[in-house]
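Here's run-v6.pdb, which has PDB, C-alpha atoms:
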ATOM      1  CA  MET A  51     136.967 113.570  69.448
ATOM      2  CA  TYR A  52     137.937 116.729  71.292
ATOM      3  CA  GLY A  53     136.900 118.860  68.324
ATOM      4  CA  PHE A  54     133.530 117.096  68.122
ATOM      5  CA  VAL A  55     132.804 117.792  71.798
ATOM      6  CA  VAL A  56     133.750 121.466  71.334
ATOM      7  CA  TRP A  57     131.523 121.670  68.247
ATOM      8  CA  ILE A  58     128.551 120.248  70.188
ATOM      9  CA  ARG A  59     129.158 122.722  73.011
ATOM     10  CA  ASN A  60     129.291 125.676  70.609
ATOM     11  CA  CYS A  61     126.089 124.507  68.920
ATOM     12  CA  CYS A  62     124.354 124.464  72.300
ATOM     13  CA  TYR A  63     125.280 128.122  72.775
ATOM     14  CA  ASP A  64     124.475 129.061  69.174
ATOM     15  CA  PHE A  65     120.952 127.632  69.466
ATOM     16  CA  ARG A  66     120.412 129.004  73.009
ATOM     17  CA  ILE A  67     120.231 125.552  74.598
ATOM     18  CA  PHE A  68     122.870 126.761  77.066
ATOM     19  CA  ARG A  69     122.088 130.036  78.815
ATOM     20  CA  VAL A  70     124.078 133.184  78.032
ATOM     21  CA  HIS A  71     124.072 135.731  80.876
ATOM     22  CA  ARG A  72     123.806 139.481  80.264
ATOM     23  CA  VAL A  73     125.097 141.700  83.045
ATOM     24  CA  GLY A  74     123.879 145.189  82.083
ATOM     25  CA  VAL A  75     127.202 146.898  81.309
ATOM     26  CA  PRO A  76     129.429 146.640  78.208
ATOM     27  CA  VAL A  77     131.621 143.533  78.110
ATOM     28  CA  ILE A  78     134.793 143.187  76.032
ATOM     29  CA  SER A  79     136.424 139.771  75.751
ATOM     30  CA  VAL A  80     140.065 139.208  74.816
ATOM     31  CA  GLY A  81     140.943 135.640  73.894
ATOM     32  CA  ASN A  82     142.370 133.386  71.224
ATOM     33  CA  LEU A  83     141.851 130.186  69.281
ATOM     34  CA  THR A  84     145.019 128.463  70.474
ATOM     35  CA  THR A  85     146.874 127.744  73.674
ATOM     36  CA  GLY A  86     150.107 129.561  74.337
ATOM     37  CA  GLY A  87     151.082 133.190  74.185
ATOM     38  CA  THR A  88     149.478 135.543  71.701
ATOM     39  CA  GLY A  89     149.739 138.672  73.845
ATOM     40  CA  LYS A  90     146.339 138.673  75.550
ATOM     41  CA  THR A  91     147.542 140.266  78.780
ATOM     42  CA  PRO A  92     149.309 143.229  77.098
ATOM     43  CA  LEU A  93     146.139 143.887  75.066
ATOM     44  CA  VAL A  94     144.013 143.685  78.235
ATOM     45  CA  GLU A  95     146.350 146.259  79.787
ATOM     46  CA  TYR A  96     146.006 148.420  76.663
ATOM     47  CA  LEU A  97     142.216 148.388  77.087
ATOM     48  CA  VAL A  98     142.390 149.060  80.830
ATOM     49  CA  LYS A  99     144.584 152.102  80.228
ATOM     50  CA  TYR A 100     142.327 153.272  77.373
ATOM     51  CA  PHE A 101     139.243 153.318  79.602
ATOM     52  CA  ILE A 102     140.968 154.665  82.723
ATOM     53  CA  ASP A 103     142.238 157.583  80.643
ATOM     54  CA  ARG A 104     138.569 158.253  79.791
ATOM     55  CA  ASN A 105     137.508 158.168  83.446
ATOM     56  CA  LYS A 106     135.754 154.810  83.180
ATOM     57  CA  LYS A 107     135.738 152.395  86.104
ATOM     58  CA  VAL A 108     136.979 149.068  84.737
ATOM     59  CA  ALA A 109     136.769 145.515  86.048
ATOM     60  CA  VAL A 110     139.070 142.820  84.679
ATOM     61  CA  ILE A 111     137.616 139.329  85.112
ATOM     62  CA  SER A 112     139.623 136.159  84.545
ATOM     63  CA  ARG A 113     139.738 132.549  85.631
ATOM     64  CA  GLY A 114     143.031 133.040  87.454
ATOM     65  CA  TYR A 115     144.990 130.353  85.624
ATOM     66  CA  LYS A 116     147.118 128.103  87.890
ATOM     67  CA  ARG A 117     146.090 129.897  91.075
ATOM     68  CA  THR A 118     145.998 127.872  94.289
ATOM     69  CA  THR A 119     142.513 129.079  95.276
ATOM     70  CA  LYS A 120     139.012 128.205  94.112
ATOM     71  CA  GLY A 121     135.856 130.248  93.714
ATOM     72  CA  MET A 122     135.637 134.031  93.517
ATOM     73  CA  MET A 123     138.653 136.028  94.696
ATOM     74  CA  ILE A 124     138.908 139.841  94.804
ATOM     75  CA  VAL A 125     142.440 140.495  93.590
ATOM     76  CA  SER A 126     142.085 144.304  93.549
ATOM     77  CA  ASN A 127     139.304 146.408  95.052
ATOM     78  CA  GLY A 128     140.586 149.524  93.321
ATOM     79  CA  CYS A 129     143.607 149.903  95.601
ATOM     80  CA  GLY A 130     146.084 147.457  94.058
ATOM     81  CA  ALA A 131     146.629 143.751  94.711
ATOM     82  CA  GLN A 132     145.119 142.547  97.976
ATOM     83  CA  VAL A 133     146.306 138.919  97.689
ATOM     84  CA  ASN A 134     149.523 137.251  96.565
ATOM     85  CA  VAL A 135     150.238 135.920  93.087
ATOM     86  CA  GLU A 136     149.685 132.280  94.033
ATOM     87  CA  MET A 137     146.159 133.074  95.190
ATOM     88  CA  SER A 138     145.294 135.174  92.141
ATOM     89  CA  GLY A 139     147.364 133.865  89.233
ATOM     90  CA  ASP A 140     150.188 135.866  87.679
ATOM     91  CA  GLU A 141     148.227 137.687  84.963
ATOM     92  CA  ALA A 142     145.521 139.022  87.276
ATOM     93  CA  TYR A 143     148.141 140.044  89.838
ATOM     94  CA  GLN A 144     150.169 141.903  87.211
ATOM     95  CA  VAL A 145     147.134 143.918  86.043
ATOM     96  CA  ALA A 146     146.167 144.709  89.659
ATOM     97  CA  GLU A 147     149.652 146.009  90.444
ATOM     98  CA  LYS A 148     150.144 147.947  87.210
ATOM     99  CA  TYR A 149     146.681 149.569  87.293
ATOM    100  CA  PRO A 150     145.736 149.692  90.993
ATOM    101  CA  GLN A 151     142.590 151.759  90.357
ATOM    102  CA  SER A 152     141.066 148.890  88.348
ATOM    103  CA  ILE A 153     138.890 146.179  89.858
ATOM    104  CA  VAL A 154     140.368 142.710  89.298
ATOM    105  CA  ILE A 155     138.430 139.539  90.145
ATOM    106  CA  VAL A 156     139.234 135.890  89.411
ATOM    107  CA  ASP A 157     136.500 133.278  89.268
ATOM    108  CA  GLU A 158     135.723 130.129  87.309
ATOM    109  CA  TYR A 159     132.230 131.585  86.786
ATOM    110  CA  ARG A 160     132.851 134.857  84.989
ATOM    111  CA  ALA A 161     129.154 135.891  85.044
ATOM    112  CA  ARG A 162     129.108 135.683  88.849
ATOM    113  CA  ALA A 163     132.303 137.732  89.139
ATOM    114  CA  SER A 164     130.968 140.316  86.672
ATOM    115  CA  MET A 165     127.717 140.777  88.611
ATOM    116  CA  HIS A 166     129.711 141.192  91.825
ATOM    117  CA  ALA A 167     131.909 143.845  90.196
ATOM    118  CA  ILE A 168     128.812 145.747  89.059
ATOM    119  CA  GLU A 169     126.848 145.493  92.305
ATOM    120  CA  LYS A 170     129.696 146.090  94.779
ATOM    121  CA  PHE A 171     132.098 148.322  92.851
ATOM    122  CA  LYS A 172     129.715 150.034  90.389
ATOM    123  CA  VAL A 173     131.999 149.453  87.404
ATOM    124  CA  ASP A 174     131.219 150.935  84.006
ATOM    125  CA  LEU A 175     132.420 147.993  81.935
ATOM    126  CA  ILE A 176     133.907 144.508  82.075
ATOM    127  CA  ILE A 177     137.033 143.211  80.345
ATOM    128  CA  LEU A 178     137.301 139.423  80.127
ATOM    129  CA  ASP A 179     140.852 138.092  80.045
ATOM    130  CA  ASP A 180     141.057 134.853  78.018
ATOM    131  CA  GLY A 181     137.307 134.783  77.459
ATOM    132  CA  PHE A 182     136.839 133.677  73.849
ATOM    133  CA  GLN A 183     135.731 130.148  74.808
ATOM    134  CA  HIS A 184     133.826 131.276  77.919
ATOM    135  CA  ARG A 185     130.516 131.664  76.132
ATOM    136  CA  SER A 186     128.152 131.703  79.126
ATOM    137  CA  LEU A 187     128.719 135.459  79.503
ATOM    138  CA  HIS A 188     127.431 137.746  76.737
ATOM    139  CA  ARG A 189     130.030 140.103  75.316
ATOM    140  CA  ASP A 190     129.554 143.214  73.183
ATOM    141  CA  ILE A 191     133.008 143.014  71.592
ATOM    142  CA  ASP A 192     134.766 139.681  71.095
ATOM    143  CA  ILE A 193     138.479 140.058  70.324
ATOM    144  CA  ALA A 194     140.335 137.011  69.001
ATOM    145  CA  MET A 195     144.114 137.262  68.999
ATOM    146  CA  ILE A 196     146.157 135.253  66.517
ATOM    147  CA  ASP A 197     149.897 134.704  66.470
ATOM    148  CA  GLY A 198     150.691 136.233  63.087
ATOM    149  CA  GLU A 199     154.048 134.482  62.901
ATOM    150  CA  GLN A 200     152.671 131.025  62.118
ATOM    151  CA  SER A 201     149.680 129.581  60.292
ATOM    152  CA  PHE A 202     147.189 127.474  62.231
ATOM    153  CA  TRP A 203     145.365 126.043  59.182
ATOM    154  CA  LYS A 204     147.012 122.637  59.656
ATOM    155  CA  MET A 205     147.398 122.878  63.433
ATOM    156  CA  ASN A 206     145.850 119.970  65.331
ATOM    157  CA  MET A 207     143.178 120.309  67.980
ATOM    158  CA  LEU A 208     143.954 119.650  71.626
ATOM    159  CA  PRO A 209     145.416 117.452  72.975
ATOM    160  CA  ALA A 210     147.427 116.607  69.843
ATOM    161  CA  GLY A 211     148.039 120.250  68.938
ATOM    162  CA  MET A 212     147.522 123.768  70.240
ATOM    163  CA  ARG A 213     144.142 124.667  68.746
ATOM    164  CA  ARG A 214     141.277 124.988  71.236
ATOM    165  CA  GLU A 215     138.374 124.807  68.788
ATOM    166  CA  PRO A 216     137.565 124.547  65.063
ATOM    167  CA  LEU A 217     138.569 127.454  62.831
ATOM    168  CA  ARG A 218     134.927 128.384  62.243
ATOM    169  CA  GLY A 219     134.955 129.700  65.809
ATOM    170  CA  LEU A 220     136.497 132.888  64.415
ATOM    171  CA  ASN A 221     133.066 133.706  62.986
ATOM    172  CA  ARG A 222     132.104 134.769  66.533
ATOM    173  CA  ALA A 223     134.851 137.390  66.679
ATOM    174  CA  THR A 224     134.122 141.093  66.349
ATOM    175  CA  VAL A 225     137.782 141.963  65.855
ATOM    176  CA  ILE A 226     140.722 139.734  64.913
ATOM    177  CA  VAL A 227     144.128 140.924  66.079
ATOM    178  CA  PHE A 228     147.320 139.598  64.523
ATOM    179  CA  SER A 229     150.154 139.810  67.020
ATOM    180  CA  GLY A 230     153.856 139.307  66.633
ATOM    181  CA  ASN A 231     156.647 140.763  64.607
ATOM    182  CA  PRO A 232     157.494 139.733  61.951
ATOM    183  CA  VAL A 233     154.198 138.362  60.697
ATOM    184  CA  ASP A 234     153.420 135.921  57.892
ATOM    185  CA  GLU A 235     151.588 138.131  55.390
ATOM    186  CA  ASN A 236     150.418 135.138  53.335
ATOM    187  CA  PHE A 237     148.780 133.624  56.413
ATOM    188  CA  ILE A 238     147.132 136.967  57.245
ATOM    189  CA  ASP A 239     145.771 137.249  53.698
ATOM    190  CA  GLU A 240     144.313 133.732  53.963
ATOM    191  CA  VAL A 241     142.495 134.602  57.194
ATOM    192  CA  LYS A 242     141.153 137.851  55.760
ATOM    193  CA  GLN A 243     139.814 136.056  52.682
ATOM    194  CA  THR A 244     138.069 133.473  54.869
ATOM    195  CA  PHE A 245     136.540 135.661  57.601
ATOM    196  CA  ASN A 246     134.870 139.008  56.946
ATOM    197  CA  LYS A 247     135.945 140.808  60.131
ATOM    198  CA  THR A 248     137.621 143.953  61.404
ATOM    199  CA  TYR A 249     141.374 143.349  61.558
ATOM    200  CA  MET A 250     144.223 144.889  63.506
ATOM    201  CA  LYS A 251     147.942 144.276  63.746
ATOM    202  CA  ALA A 252     149.658 144.638  67.109
ATOM    203  CA  ILE A 253     153.252 144.446  68.220
ATOM    204  CA  PHE A 254     154.641 144.425  71.741
ATOM    205  CA  CYS A 255     157.233 147.103  72.359
ATOM    206  CA  PRO A 256     159.641 147.200  75.293
ATOM    207  CA  THR A 257     159.187 150.445  77.206
ATOM    208  CA  SER A 258     161.613 150.124  80.114
ATOM    209  CA  ALA A 259     163.864 147.782  82.050
ATOM    210  CA  HIS A 260     163.725 147.267  85.796
ATOM    211  CA  LYS A 261     166.029 145.741  88.356
ATOM    212  CA  PHE A 262     164.500 143.193  90.685
ATOM    213  CA  ILE A 263     166.039 145.200  93.535
ATOM    214  CA  GLY A 264     167.757 148.571  93.705
ATOM    215  CA  GLU A 265     166.967 151.074  90.956
ATOM    216  CA  SER A 266     163.309 150.888  89.991
ATOM    217  CA  LEU A 267     163.729 152.035  86.380
ATOM    218  CA  ILE A 268     166.581 151.520  83.917
ATOM    219  CA  PRO A 269     166.669 153.159  80.449
ATOM    220  CA  LEU A 270     166.533 150.663  77.616
ATOM    221  CA  SER A 271     169.724 152.191  76.252
ATOM    222  CA  TYR A 272     171.542 150.706  79.261
ATOM    223  CA  LEU A 273     170.952 147.216  77.845
ATOM    224  CA  ASN A 274     172.573 147.967  74.483
ATOM    225  CA  GLY A 275     175.445 145.547  73.874
ATOM    226  CA  LYS A 276     175.260 143.938  77.313
ATOM    227  CA  LYS A 277     175.987 140.202  77.666
ATOM    228  CA  CYS A 278     173.063 138.426  79.281
ATOM    229  CA  ILE A 279     171.642 135.148  80.509
ATOM    230  CA  ALA A 280     167.937 135.100  79.625
ATOM    231  CA  PHE A 281     165.113 132.913  80.894
ATOM    232  CA  CYS A 282     161.317 132.903  80.855
ATOM    233  CA  GLY A 283     158.229 130.817  81.542
ATOM    234  CA  ILE A 284     155.675 132.237  79.106
ATOM    235  CA  GLY A 285     153.527 130.850  76.306
ATOM    236  CA  ASN A 286     155.698 132.181  73.473
ATOM    237  CA  SER A 287     159.353 132.232  74.489
ATOM    238  CA  ASN A 288     160.435 133.105  70.928
ATOM    239  CA  SER A 289     158.695 136.479  71.196
ATOM    240  CA  PHE A 290     160.805 137.271  74.256
ATOM    241  CA  LEU A 291     163.969 136.289  72.392
ATOM    242  CA  THR A 292     162.960 138.598  69.546
ATOM    243  CA  THR A 293     162.516 141.462  72.002
ATOM    244  CA  LEU A 294     165.962 140.876  73.504
ATOM    245  CA  ARG A 295     167.586 140.857  70.079
ATOM    246  CA  GLU A 296     165.807 144.094  69.178
ATOM    247  CA  LEU A 297     167.370 145.605  72.303
ATOM    248  CA  ASN A 298     170.796 144.555  70.965
ATOM    249  CA  LEU A 299     171.555 142.291  73.913
ATOM    250  CA  GLN A 300     174.203 139.581  73.525
ATOM    251  CA  ILE A 301     172.380 136.410  74.603
ATOM    252  CA  LEU A 302     174.984 134.006  75.986
ATOM    253  CA  ASP A 303     172.446 131.472  77.234
ATOM    254  CA  PHE A 304     168.662 131.114  77.166
ATOM    255  CA  VAL A 305     166.448 128.851  79.273
ATOM    256  CA  ALA A 306     162.750 128.381  78.412
ATOM    257  CA  TYR A 307     160.372 126.966  81.014
ATOM    258  CA  PRO A 308     156.673 125.996  80.612
ATOM    259  CA  ASP A 309     154.039 128.751  80.613
ATOM    260  CA  HIS A 310     153.172 130.097  84.107
ATOM    261  CA  HIS A 311     156.131 128.179  85.572
ATOM    262  CA  ARG A 312     156.691 128.602  89.322
ATOM    263  CA  PHE A 313     160.430 128.872  89.810
ATOM    264  CA  SER A 314     162.177 127.045  92.615
ATOM    265  CA  ILE A 315     165.120 128.464  94.506
ATOM    266  CA  GLU A 316     167.278 125.710  92.957
ATOM    267  CA  GLU A 317     166.340 126.815  89.428
ATOM    268  CA  LEU A 318     167.202 130.419  90.190
ATOM    269  CA  ARG A 319     170.515 129.353  91.702
ATOM    270  CA  ASN A 320     171.253 127.358  88.543
ATOM    271  CA  ILE A 321     170.580 130.463  86.437
ATOM    272  CA  LYS A 322     172.934 132.434  88.702
ATOM    273  CA  VAL A 323     175.601 129.728  88.225
ATOM    274  CA  ARG A 324     175.238 130.110  84.433
ATOM    275  CA  PHE A 325     175.620 133.874  84.857
ATOM    276  CA  ASP A 326     178.831 133.487  86.872
ATOM    277  CA  GLY A 327     180.256 130.837  84.545
ATOM    278  CA  LYS A 328     179.598 132.824  81.358
ATOM    279  CA  LYS A 329     180.794 136.087  82.926
ATOM    280  CA  ALA A 330     177.661 137.862  81.746
ATOM    281  CA  ASP A 331     176.661 141.410  82.632
ATOM    282  CA  LEU A 332     173.095 140.661  83.711
ATOM    283  CA  ILE A 333     170.260 138.134  83.928
ATOM    284  CA  ILE A 334     167.015 139.121  82.255
ATOM    285  CA  THR A 335     163.452 137.799  82.157
ATOM    286  CA  THR A 336     159.890 138.976  81.472
ATOM    287  CA  GLU A 337     157.687 141.140  83.660
ATOM    288  CA  LYS A 338     155.227 138.264  84.124
ATOM    289  CA  ASP A 339     158.008 135.971  85.345
ATOM    290  CA  SER A 340     159.302 138.639  87.725
ATOM    291  CA  VAL A 341     155.821 138.911  89.257
ATOM    292  CA  ARG A 342     155.791 135.193  90.109
ATOM    293  CA  ILE A 343     159.343 135.241  91.431
ATOM    294  CA  LEU A 344     159.236 138.361  93.580
ATOM    295  CA  ASP A 345     155.875 137.635  95.206
ATOM    296  CA  SER A 346     157.098 134.389  96.768
ATOM    297  CA  GLY A 347     158.583 134.788 100.218
ATOM    298  CA  GLN A 348     160.956 131.835  99.750
ATOM    299  CA  TYR A 349     163.274 134.017  97.645
ATOM    300  CA  LYS A 350     164.021 136.547 100.381
ATOM    301  CA  GLY A 351     167.753 137.062 100.607
ATOM    302  CA  PHE A 352     168.435 135.708  97.103
ATOM    303  CA  PRO A 353     171.055 137.881  95.286
ATOM    304  CA  PHE A 354     168.731 139.548  92.778
ATOM    305  CA  ASP A 355     171.033 142.529  92.188
ATOM    306  CA  VAL A 356     171.936 141.320  88.653
ATOM    307  CA  PHE A 357     168.362 140.247  87.735
ATOM    308  CA  PHE A 358     166.383 142.492  85.369
ATOM    309  CA  TYR A 359     162.998 142.313  83.701
ATOM    310  CA  VAL A 360     161.654 144.083  80.627
ATOM    311  CA  GLN A 361     158.293 145.839  80.642
ATOM    312  CA  ILE A 362     156.342 145.863  77.377
ATOM    313  CA  GLU A 363     153.185 147.479  76.077
ATOM    314  CA  THR A 364     150.892 146.891  73.107
ATOM    315  CA  LYS A 365     151.285 149.115  70.071
ATOM    316  CA  ILE A 366     148.602 148.799  67.391
ATOM    317  CA  ILE A 367     150.265 149.452  64.057
ATOM    318  CA  GLU A 368     147.248 148.865  61.823
ATOM    319  CA  GLY A 369     143.512 149.342  62.400
ATOM    320  CA  GLU A 370     143.627 151.328  65.650
ATOM    321  CA  ASP A 371     141.246 154.099  64.520
ATOM    322  CA  LYS A 372     138.626 151.571  63.416
ATOM    323  CA  PHE A 373     139.057 149.695  66.692
ATOM    324  CA  HIS A 374     138.466 152.887  68.695
ATOM    325  CA  GLN A 375     135.340 153.583  66.655
ATOM    326  CA  ILE A 376     133.962 150.147  67.549
ATOM    327  CA  ILE A 377     134.700 150.719  71.234
ATOM    328  CA  GLU A 378     133.141 154.167  71.327
ATOM    329  CA  SER A 379     130.063 152.939  69.457
ATOM    330  CA  MET A 380     129.638 150.190  72.057
ATOM    331  CA  ILE A 381     129.915 152.675  74.941
ATOM    332  CA  GLN A 382     127.450 155.122  73.395
ATOM    333  CA  SER A 383     124.860 152.425  72.666
TER     334      SER A 383
END
Represent the supplied structure as structure tokens.
Amino acid sequence: MYGFVVWIRNCCYDFRIFRVHRVGVPVISVGNLTTGGTGKTPLVEYLVKYFIDRNKKVAVISRGYKRTTKGMMIVSNGCGAQVNVEMSGDEAYQVAEKYPQSIVIVDEYRARASMHAIEKFKVDLIILDDGFQHRSLHRDIDIAMIDGEQSFWKMNMLPAGMRREPLRGLNRATVIVFSGNPVDENFIDEVKQTFNKTYMKAIFCPTSAHKFIGESLIPLSYLNGKKCIAFCGIGNSNSFLTTLRELNLQILDFVAYPDHHRFSIEELRNIKVRFDGKKADLIITTEKDSVRILDSGQYKGFPFDVFFYVQIETKIIEGEDKFHQIIESMIQS
């Protein structure tokens, strides 16, 4: 039933029954066909950096998943985050803090937010975070990210499974990005045989470690061989575990929470109890989780001296040159 409703909705957009808004500047959408983590935010950050390095003024537009506010909210006006993470959502807040010169706006109506970014901030282009199903805004490049570690051919639609729409939705994509390491090459071959698209492979590489308090930057070599308690609240907790193993950390205990989880002080204390009981060297989590934790005032005074987070970035290992050609062609036209 869910799939039928989605199919009807897509048909209404395909046959122009529902209006598609054009905003007058290039629009790039990054999204996926499933719920859960496929690495959309790291790829959005990759694109933001790409355009900033080319002196383009960029606006990142998202819904602001699990924020406490409604309507349009200016997260960054080009000077870093102006609101807290609960008001903006963790992903928008993270982009605003990491790339303060970017414009970041959250709004349920992405066309409205995009027009505001153009009229008020004179941006050169729009990047939609998690925009594949948000079809009311025209996009020039539609990027669909797929977890390359598992096949979705037999995956059920919501609410029984994790798939948001029928597989034929990938026909709308300009570029399909397989994320994850390792990847299922047989699954990738099946997708390539079915959809005639431009393909890329992307992995997410740790670049640095950070303490919650104290030293701002820790070399990754410091983590080698350390005993740790790990926890996270992201869409794909297995990808975080893979990263920790690649860093040669000894994982004594691991706690996975739901995606976008808002940690309570009791949960953090429980993690600290595990750390003390196991006699570990450190507690480690993801950058996205650290954003949610540190922005909340209720954690002031909590002993974060043994808490670390790992910062990652997207590395395209296949198809990057072709991808850049598509981007530059869009900008020139």
Task: Selection under test: the PyMOL selection byres ((chain A and resi 381) around 12); residues as a ChimeraX atom specification - done: /A:74-78,101,104,106,174-176,190-191,374-380,382-383
Task: the PyMOL selection byres ((chain A and resi 321-328) around 10) applied to the shown file, residues as a ChimeraX atom specification - done: /A:277-281,302-305,315-320,329-333,353-354,356-357
Open item on the list: Which residues, named as in the file, does the PyMOL selection byres ((chain A and resi 364) around 10) pick out? Answer as a list of chain:residue names.
Closed with: A:Gly89, A:Lys90, A:Thr91, A:Pro92, A:Leu93, A:Val94, A:Glu95, A:Tyr96, A:Leu97, A:Ser229, A:Ala252, A:Ile253, A:Phe254, A:Cys255, A:Pro256, A:Thr257, A:Ile362, A:Glu363, A:Lys365, A:Ile366, A:Ile367
Open item on the list: Within 10 Å of (147.3, 124.6, 60.6) in the file's own coordinates, which protein, DNA or RNA residues have an atom, counting only C-alpha atoms? List them as JSON, numbers by chain.
Closed with: {"A": [200, 201, 202, 203, 204, 205, 206, 207, 211, 212, 213, 217]}
- [ ] Select, from A:Glu169, A:Asp345, A:Asp239, A:Glu141, the residue with the minimum atom-to-atom distance to Phe262 in chain A, counting only C-alpha atoms.
- [x] A:Asp345
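Taking CA of Ser138 in chain A and CA of Val110 in chain A as the two end points, the separation is 12.4 Å.
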Expected file content for range 259-266 of chain A, all heavy atoms, as a short mmCIF file (atom, residue, chain, number, x, y, z; two decimals), in the first residue's frame:
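To be explicit, this is the file written out as selection.cif:
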data_model
loop_
_atom_site.label_atom_id
_atom_site.label_comp_id
_atom_site.auth_asym_id
_atom_site.auth_seq_id
_atom_site.Cartn_x
_atom_site.Cartn_y
_atom_site.Cartn_z
N ALA A 259 41.21 12.69 14.96
CA ALA A 259 40.45 12.43 16.18
C ALA A 259 40.46 13.70 17.02
O ALA A 259 41.40 14.50 16.96
CB ALA A 259 41.06 11.26 16.95
N HIS A 260 39.42 13.89 17.79
CA HIS A 260 39.30 15.08 18.62
C HIS A 260 38.82 14.69 20.00
O HIS A 260 37.97 13.81 20.14
CB HIS A 260 38.30 16.07 18.01
CG HIS A 260 38.69 16.56 16.65
ND1 HIS A 260 39.22 17.81 16.42
CD2 HIS A 260 38.63 15.95 15.44
CE1 HIS A 260 39.46 17.95 15.12
NE2 HIS A 260 39.11 16.83 14.51
N LYS A 261 39.34 15.36 21.01
CA LYS A 261 38.80 15.22 22.35
C LYS A 261 37.59 16.13 22.50
O LYS A 261 37.54 17.21 21.93
CB LYS A 261 39.85 15.61 23.39
CG LYS A 261 40.69 14.46 23.92
CD LYS A 261 41.47 14.89 25.15
CE LYS A 261 42.18 13.71 25.79
NZ LYS A 261 42.87 14.10 27.04
N PHE A 262 36.61 15.68 23.29
CA PHE A 262 35.47 16.54 23.55
C PHE A 262 35.93 17.83 24.23
O PHE A 262 35.40 18.90 23.96
CB PHE A 262 34.46 15.81 24.46
CG PHE A 262 33.50 14.94 23.71
CD1 PHE A 262 33.90 14.18 22.62
CD2 PHE A 262 32.18 14.85 24.10
CE1 PHE A 262 33.02 13.36 21.93
CE2 PHE A 262 31.27 14.04 23.42
CZ PHE A 262 31.70 13.30 22.34
N ILE A 263 36.89 17.70 25.15
CA ILE A 263 37.46 18.87 25.81
C ILE A 263 38.97 18.73 25.80
O ILE A 263 39.51 17.66 25.54
CB ILE A 263 36.96 19.02 27.27
CG1 ILE A 263 37.37 17.79 28.10
CG2 ILE A 263 35.47 19.24 27.32
CD1 ILE A 263 37.05 17.93 29.58
N GLY A 264 39.67 19.80 26.06
CA GLY A 264 41.14 19.73 26.07
C GLY A 264 41.71 19.93 24.69
O GLY A 264 41.31 20.83 23.95
N GLU A 265 42.63 19.05 24.28
CA GLU A 265 43.28 19.18 22.98
C GLU A 265 42.25 19.11 21.86
O GLU A 265 41.39 18.24 21.85
CB GLU A 265 44.32 18.08 22.78
CG GLU A 265 45.45 18.10 23.80
CD GLU A 265 45.19 17.16 24.96
OE1 GLU A 265 44.01 16.91 25.27
OE2 GLU A 265 46.17 16.68 25.54
N SER A 266 42.36 20.03 20.91
CA SER A 266 41.36 20.10 19.84
C SER A 266 41.60 19.05 18.75
O SER A 266 40.67 18.65 18.07
CB SER A 266 41.35 21.49 19.21
OG SER A 266 42.62 21.80 18.67
#
